[in-house]
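Here's the structure, in structure tokens; my notes come after.
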Amino acid sequence: MTLGLHPDAVAAAREHTDRRKAAAWACLAGLGQGAIVLFGHLAFPYVRNLLLGPAYLLLLPAIAHLQLRHAGVRGSGATLGTITGVAALLLGVGGELNVDAQPAALFALGMWWWTIGKLWAETGVLSAAFGGLTAGAGTLALLASFVASGLAPLTALNPGIPDLALWDASRCALAAWSVILGLALYRSPGRLPSGRPEAQRANESEEHISLTR
């Protein structure tokens, strides 16, 4: 029963649960991304194709949860973070399937990481240190997108130019980042518009529910 519960308490209890679910999905996405790098070549392309959906799209719940957090501190940053996040995931799938899409996927990943990393570092939505690392990784991904674009015609003309494996490196980074994001979300309750911690409201909701049973 929810009789007598404050609407904020009910919303916080649900968001508390959704946050932990999003954290779990993000960790699973990271494991899937790592599995593609390590095992995607086995029975190619069937293992890779099996892992593609979970590895990328399981990050969507985390993006949705972050949208709520970001909107509370910076509206334009929240919108850009969500759009670039979805673009990075969709282009990431495209990059796995077609090498020609990889520079664009790296660019989208760089924009996403730079946007949300800078936002975290400036507002404390998540750890400022994690935000700084994310923004730094975004800068590297942006640079990698231009390097990858330039290397493609050079390696076609001169096969002796070494392949820098930028794509695999970026996928390893995304896998590690996804797991760290999941752990950070699990341990970091958000705040409601009222400014009260989500976990506090969730506890109040549980107490009210126990009293009304």
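By convention in this document, the chains of the structure tokens carry letters A, B, ... by their order, each chain's residues are numbered from 1, and ligands are numbered from 1 in the order they are shown.
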
Each residue of range 64-161 of chain A lying at most 9 Å from range 171-180 of chain A should get a row with its shortest atom-to-atom pair and the distance in Å to one decimal, counting only C-alpha atoms; could you produce that, ordered by chain and increasing number, as a Markdown table?
| residue | atom | partner | partner_atom | distance |
| --- | --- | --- | --- | --- |
| A:Gly92 | CA | A:Arg171 | CA | 8.9 |
| A:Leu109 | CA | A:Leu174 | CA | 8.9 |
| A:Phe130 | CA | A:Ile180 | CA | 8.8 |
| A:Thr134 | CA | A:Trp177 | CA | 8.1 |
| A:Ala137 | CA | A:Ala173 | CA | 8.3 |

Put those residues in a file: all heavy atoms, as a short mmCIF file (atom, residue, chain, number, x, y, z; two decimals), in the first residue's frame.
data_model
loop_
_atom_site.label_atom_id
_atom_site.label_comp_id
_atom_site.auth_asym_id
_atom_site.auth_seq_id
_atom_site.Cartn_x
_atom_site.Cartn_y
_atom_site.Cartn_z
N GLY A 92 28.66 2.95 -32.30
CA GLY A 92 29.55 1.89 -31.85
C GLY A 92 29.17 0.55 -32.46
O GLY A 92 30.03 -0.22 -32.90
N LEU A 109 31.85 9.05 -29.37
CA LEU A 109 32.26 8.65 -28.03
C LEU A 109 33.02 9.77 -27.34
O LEU A 109 32.82 10.05 -26.15
CB LEU A 109 33.12 7.39 -28.11
CG LEU A 109 33.65 6.84 -26.78
CD1 LEU A 109 32.50 6.38 -25.90
CD2 LEU A 109 34.63 5.70 -27.03
N PHE A 130 36.32 11.11 -11.34
CA PHE A 130 35.83 10.28 -12.44
C PHE A 130 35.43 11.15 -13.62
O PHE A 130 35.65 10.80 -14.78
CB PHE A 130 34.66 9.43 -11.96
CG PHE A 130 34.14 8.44 -12.97
CD1 PHE A 130 34.99 7.80 -13.86
CD2 PHE A 130 32.79 8.14 -13.03
CE1 PHE A 130 34.51 6.88 -14.78
CE2 PHE A 130 32.29 7.23 -13.94
CZ PHE A 130 33.15 6.60 -14.83
N THR A 134 36.96 10.94 -17.31
CA THR A 134 36.05 10.74 -18.45
C THR A 134 36.27 11.81 -19.51
O THR A 134 36.32 11.51 -20.71
CB THR A 134 34.59 10.76 -17.97
OG1 THR A 134 34.39 9.68 -17.04
CG2 THR A 134 33.63 10.59 -19.13
N ALA A 137 39.50 11.08 -21.27
CA ALA A 137 39.33 9.97 -22.22
C ALA A 137 38.56 10.44 -23.45
O ALA A 137 38.83 9.99 -24.58
CB ALA A 137 38.59 8.82 -21.55
#

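Counting only C-alpha atoms, Gly40 in chain A has the following residues at most 12 Å away, ignoring those fewer than 5 positions along the same chain: Gly32, Gln33, Gly34, Ala35, Pro45, Tyr46, Val47, Arg48, Asn49, Leu50, Leu51, Leu52, Ala55, Glu96, Leu97, Asp168 and Arg171 of chain A.
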
Report, in Å to a single decimal, how far apart CA of Met111 in chain A and CA of Gly72 in chain A are.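 Computing the Euclidean distance for CA of Gly72 in chain A and CA of Met111 in chain A yields 20.7 Å.
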
Residues of range 45-110 of chain A that have any atom at most 10 Å from an atom of range 11-28 of chain A: could you tabulate them with the shortest-distance atom pair and the distance in Å to one decimal, using only C-alpha atoms, ordered by chain and increasing number, as CSV?
residue,atom,partner,partner_atom,distance
A:Pro54,CA,A:Leu28,CA,7.7
A:Ala55,CA,A:Leu28,CA,7.3
A:Tyr56,CA,A:Ala26,CA,9.1
A:Leu57,CA,A:Trp25,CA,9.2
A:Leu58,CA,A:Trp25,CA,5.4
A:Leu59,CA,A:Ala26,CA,5.1
A:Leu60,CA,A:Ala22,CA,8.1
A:Pro61,CA,A:Ala22,CA,5.0
A:Ala62,CA,A:Ala22,CA,4.8
A:Ile63,CA,A:Ala22,CA,8.5
A:Ala64,CA,A:Ala22,CA,8.6
A:His65,CA,A:Arg19,CA,6.5
A:Leu66,CA,A:Arg19,CA,9.1
A:Leu68,CA,A:Glu15,CA,9.8

Saved selection, atoms kept: N, CA, C and O atoms, as a PDB file, in the first residue's frame:
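Result saved to part.pdb:
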ATOM      1  N   PRO A  54      23.576  -6.596 -26.239  1.00  0.00           N
ATOM      2  CA  PRO A  54      23.797  -6.367 -24.806  1.00  0.00           C
ATOM      3  C   PRO A  54      24.982  -5.453 -24.514  1.00  0.00           C
ATOM      4  O   PRO A  54      24.923  -4.621 -23.602  1.00  0.00           O
ATOM      5  N   ALA A  55      26.062  -5.593 -25.276  1.00  0.00           N
ATOM      6  CA  ALA A  55      27.277  -4.836 -24.985  1.00  0.00           C
ATOM      7  C   ALA A  55      27.072  -3.333 -25.113  1.00  0.00           C
ATOM      8  O   ALA A  55      27.690  -2.552 -24.378  1.00  0.00           O
ATOM      9  N   TYR A  56      26.216  -2.920 -26.006  1.00  0.00           N
ATOM     10  CA  TYR A  56      26.020  -1.486 -26.216  1.00  0.00           C
ATOM     11  C   TYR A  56      24.690  -0.986 -25.642  1.00  0.00           C
ATOM     12  O   TYR A  56      24.649   0.011 -24.921  1.00  0.00           O
ATOM     13  N   LEU A  57      23.617  -1.681 -25.936  1.00  0.00           N
ATOM     14  CA  LEU A  57      22.304  -1.137 -25.590  1.00  0.00           C
ATOM     15  C   LEU A  57      21.970  -1.267 -24.111  1.00  0.00           C
ATOM     16  O   LEU A  57      21.079  -0.563 -23.617  1.00  0.00           O
ATOM     17  N   LEU A  58      22.673  -2.116 -23.377  1.00  0.00           N
ATOM     18  CA  LEU A  58      22.432  -2.186 -21.936  1.00  0.00           C
ATOM     19  C   LEU A  58      22.944  -0.947 -21.202  1.00  0.00           C
ATOM     20  O   LEU A  58      22.684  -0.783 -20.007  1.00  0.00           O
ATOM     21  N   LEU A  59      23.636  -0.068 -21.912  1.00  0.00           N
ATOM     22  CA  LEU A  59      24.032   1.212 -21.311  1.00  0.00           C
ATOM     23  C   LEU A  59      22.903   2.244 -21.356  1.00  0.00           C
ATOM     24  O   LEU A  59      22.993   3.286 -20.698  1.00  0.00           O
ATOM     25  N   LEU A  60      21.857   1.968 -22.113  1.00  0.00           N
ATOM     26  CA  LEU A  60      20.770   2.941 -22.238  1.00  0.00           C
ATOM     27  C   LEU A  60      20.088   3.268 -20.903  1.00  0.00           C
ATOM     28  O   LEU A  60      19.765   4.435 -20.652  1.00  0.00           O
ATOM     29  N   PRO A  61      19.830   2.282 -20.019  1.00  0.00           N
ATOM     30  CA  PRO A  61      19.241   2.653 -18.726  1.00  0.00           C
ATOM     31  C   PRO A  61      20.116   3.616 -17.926  1.00  0.00           C
ATOM     32  O   PRO A  61      19.595   4.512 -17.246  1.00  0.00           O
ATOM     33  N   ALA A  62      21.426   3.456 -18.009  1.00  0.00           N
ATOM     34  CA  ALA A  62      22.318   4.382 -17.305  1.00  0.00           C
ATOM     35  C   ALA A  62      22.231   5.777 -17.912  1.00  0.00           C
ATOM     36  O   ALA A  62      22.233   6.783 -17.188  1.00  0.00           O
ATOM     37  N   ILE A  63      22.147   5.859 -19.232  1.00  0.00           N
ATOM     38  CA  ILE A  63      22.007   7.160 -19.885  1.00  0.00           C
ATOM     39  C   ILE A  63      20.700   7.826 -19.462  1.00  0.00           C
ATOM     40  O   ILE A  63      20.654   9.034 -19.207  1.00  0.00           O
ATOM     41  N   ALA A  64      19.630   7.031 -19.372  1.00  0.00           N
ATOM     42  CA  ALA A  64      18.340   7.581 -18.954  1.00  0.00           C
ATOM     43  C   ALA A  64      18.404   8.096 -17.516  1.00  0.00           C
ATOM     44  O   ALA A  64      17.872   9.170 -17.197  1.00  0.00           O
ATOM     45  N   HIS A  65      19.051   7.340 -16.639  1.00  0.00           N
ATOM     46  CA  HIS A  65      19.175   7.785 -15.247  1.00  0.00           C
ATOM     47  C   HIS A  65      20.033   9.042 -15.149  1.00  0.00           C
ATOM     48  O   HIS A  65      19.701   9.975 -14.407  1.00  0.00           O
ATOM     49  N   LEU A  66      21.122   9.071 -15.907  1.00  0.00           N
ATOM     50  CA  LEU A  66      21.987  10.250 -15.877  1.00  0.00           C
ATOM     51  C   LEU A  66      21.276  11.483 -16.419  1.00  0.00           C
ATOM     52  O   LEU A  66      21.558  12.607 -15.989  1.00  0.00           O
ATOM     53  N   LEU A  68      18.272  12.383 -15.814  1.00  0.00           N
ATOM     54  CA  LEU A  68      17.573  12.993 -14.684  1.00  0.00           C
ATOM     55  C   LEU A  68      18.542  13.763 -13.792  1.00  0.00           C
ATOM     56  O   LEU A  68      18.241  14.866 -13.332  1.00  0.00           O
TER      57      LEU A  68
END

Report the residues of range 40-87 of chain A whose backbone DSSP state falls under helix (DSSP H, G or I), written as a compact mmCIF listing (two decimals) with N, CA, C and O atoms, in the first residue's frame.
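Final output, saved to part.txt:
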# COMPACT_ATOMS: atom_id res chain seq x y z
N TYR A 46 29.42 -14.78 -35.59
CA TYR A 46 28.24 -15.14 -34.80
C TYR A 46 28.36 -14.75 -33.33
O TYR A 46 27.41 -14.24 -32.73
N VAL A 47 29.53 -14.98 -32.72
CA VAL A 47 29.70 -14.60 -31.32
C VAL A 47 29.62 -13.09 -31.17
O VAL A 47 28.97 -12.56 -30.26
N ARG A 48 30.29 -12.37 -32.07
CA ARG A 48 30.24 -10.91 -32.03
C ARG A 48 28.81 -10.40 -32.16
O ARG A 48 28.36 -9.54 -31.41
N ASN A 49 28.09 -10.95 -33.12
CA ASN A 49 26.72 -10.50 -33.34
C ASN A 49 25.82 -10.79 -32.14
O ASN A 49 24.91 -10.02 -31.82
N LEU A 50 26.09 -11.90 -31.46
CA LEU A 50 25.31 -12.25 -30.27
C LEU A 50 25.54 -11.25 -29.15
O LEU A 50 24.61 -10.91 -28.40
N LEU A 51 26.76 -10.74 -29.05
CA LEU A 51 27.12 -9.85 -27.95
C LEU A 51 26.84 -8.37 -28.23
O LEU A 51 26.80 -7.56 -27.30
N LEU A 52 26.65 -8.01 -29.49
CA LEU A 52 26.55 -6.60 -29.85
C LEU A 52 25.42 -5.88 -29.12
O LEU A 52 25.62 -4.79 -28.58
N GLY A 53 24.24 -6.46 -29.14
CA GLY A 53 23.09 -5.80 -28.51
C GLY A 53 23.31 -5.55 -27.03
O GLY A 53 23.25 -4.39 -26.57
N PRO A 54 23.58 -6.60 -26.24
CA PRO A 54 23.80 -6.37 -24.81
C PRO A 54 24.98 -5.45 -24.51
O PRO A 54 24.92 -4.62 -23.60
N ALA A 55 26.06 -5.59 -25.28
CA ALA A 55 27.28 -4.84 -24.99
C ALA A 55 27.07 -3.33 -25.11
O ALA A 55 27.69 -2.55 -24.38
N TYR A 56 26.22 -2.92 -26.01
CA TYR A 56 26.02 -1.49 -26.22
C TYR A 56 24.69 -0.99 -25.64
O TYR A 56 24.65 0.01 -24.92
N LEU A 57 23.62 -1.68 -25.94
CA LEU A 57 22.30 -1.14 -25.59
C LEU A 57 21.97 -1.27 -24.11
O LEU A 57 21.08 -0.56 -23.62
N LEU A 60 21.86 1.97 -22.11
CA LEU A 60 20.77 2.94 -22.24
C LEU A 60 20.09 3.27 -20.90
O LEU A 60 19.77 4.44 -20.65
N PRO A 61 19.83 2.28 -20.02
CA PRO A 61 19.24 2.65 -18.73
C PRO A 61 20.12 3.62 -17.93
O PRO A 61 19.59 4.51 -17.25
N ALA A 62 21.43 3.46 -18.01
CA ALA A 62 22.32 4.38 -17.30
C ALA A 62 22.23 5.78 -17.91
O ALA A 62 22.23 6.78 -17.19
N ILE A 63 22.15 5.86 -19.23
CA ILE A 63 22.01 7.16 -19.89
C ILE A 63 20.70 7.83 -19.46
O ILE A 63 20.65 9.03 -19.21
N ALA A 64 19.63 7.03 -19.37
CA ALA A 64 18.34 7.58 -18.95
C ALA A 64 18.40 8.10 -17.52
O ALA A 64 17.87 9.17 -17.20
N HIS A 65 19.05 7.34 -16.64
CA HIS A 65 19.17 7.78 -15.25
C HIS A 65 20.03 9.04 -15.15
O HIS A 65 19.70 9.97 -14.41
N LEU A 66 21.12 9.07 -15.91
CA LEU A 66 21.99 10.25 -15.88
C LEU A 66 21.28 11.48 -16.42
O LEU A 66 21.56 12.61 -15.99
N GLN A 67 20.35 11.28 -17.35
CA GLN A 67 19.57 12.41 -17.88
C GLN A 67 18.85 13.14 -16.74
O GLN A 67 18.84 14.37 -16.68
N LEU A 68 18.27 12.38 -15.81
CA LEU A 68 17.57 12.99 -14.68
C LEU A 68 18.54 13.76 -13.79
O LEU A 68 18.24 14.87 -13.33
N ARG A 69 19.69 13.19 -13.54
CA ARG A 69 20.67 13.86 -12.68
C ARG A 69 21.21 15.13 -13.35
O ARG A 69 21.33 16.18 -12.73
N HIS A 70 21.54 15.00 -14.62
CA HIS A 70 22.12 16.14 -15.33
C HIS A 70 21.12 17.29 -15.46
O HIS A 70 21.49 18.46 -15.36
N ALA A 71 19.84 16.94 -15.69
CA ALA A 71 18.83 17.98 -15.89
C ALA A 71 18.67 18.85 -14.64
O ALA A 71 18.27 20.01 -14.74
N GLY A 75 20.55 22.05 -17.92
CA GLY A 75 19.63 21.53 -18.92
C GLY A 75 20.27 21.22 -20.25
O GLY A 75 20.07 20.15 -20.83
N SER A 76 21.06 22.17 -20.78
CA SER A 76 21.67 21.96 -22.09
C SER A 76 22.68 20.82 -22.05
O SER A 76 22.77 20.02 -22.98
N GLY A 77 23.43 20.73 -20.96
CA GLY A 77 24.39 19.63 -20.81
C GLY A 77 23.69 18.29 -20.73
O GLY A 77 24.19 17.29 -21.25
N ALA A 78 22.53 18.26 -20.06
CA ALA A 78 21.77 17.01 -19.97
C ALA A 78 21.31 16.55 -21.34
O ALA A 78 21.43 15.37 -21.69
N THR A 79 20.80 17.49 -22.14
CA THR A 79 20.33 17.13 -23.48
C THR A 79 21.47 16.65 -24.36
O THR A 79 21.37 15.61 -25.03
N LEU A 80 22.57 17.40 -24.35
CA LEU A 80 23.71 17.01 -25.18
C LEU A 80 24.31 15.69 -24.72
O LEU A 80 24.69 14.85 -25.55
N GLY A 81 24.38 15.49 -23.41
CA GLY A 81 24.91 14.24 -22.90
C GLY A 81 24.08 13.04 -23.32
O GLY A 81 24.62 11.98 -23.67
N THR A 82 22.76 13.20 -23.30
CA THR A 82 21.89 12.09 -23.70
C THR A 82 21.99 11.82 -25.19
O THR A 82 22.10 10.66 -25.62
N ILE A 83 21.96 12.88 -26.00
CA ILE A 83 22.01 12.70 -27.45
C ILE A 83 23.34 12.07 -27.88
O ILE A 83 23.37 11.12 -28.67
N THR A 84 24.44 12.59 -27.37
CA THR A 84 25.74 12.05 -27.76
C THR A 84 25.94 10.64 -27.22
O THR A 84 26.60 9.81 -27.86
N GLY A 85 25.36 10.35 -26.05
CA GLY A 85 25.46 9.00 -25.51
C GLY A 85 24.77 7.98 -26.39
O GLY A 85 25.34 6.93 -26.72
N VAL A 86 23.55 8.29 -26.80
CA VAL A 86 22.82 7.38 -27.69
C VAL A 86 23.55 7.26 -29.03
O VAL A 86 23.67 6.16 -29.59
N ALA A 87 24.05 8.39 -29.54
CA ALA A 87 24.78 8.35 -30.82
C ALA A 87 26.03 7.49 -30.70
O ALA A 87 26.35 6.71 -31.62

If we count only C-alpha atoms, what is near Phe107 in chain A at a cut-off of 9 Å, once residues fewer than 4 positions away on the same chain are taken out, given as a PyMOL selection string? chain A and resi 88+102-103+111-112+138+141-146
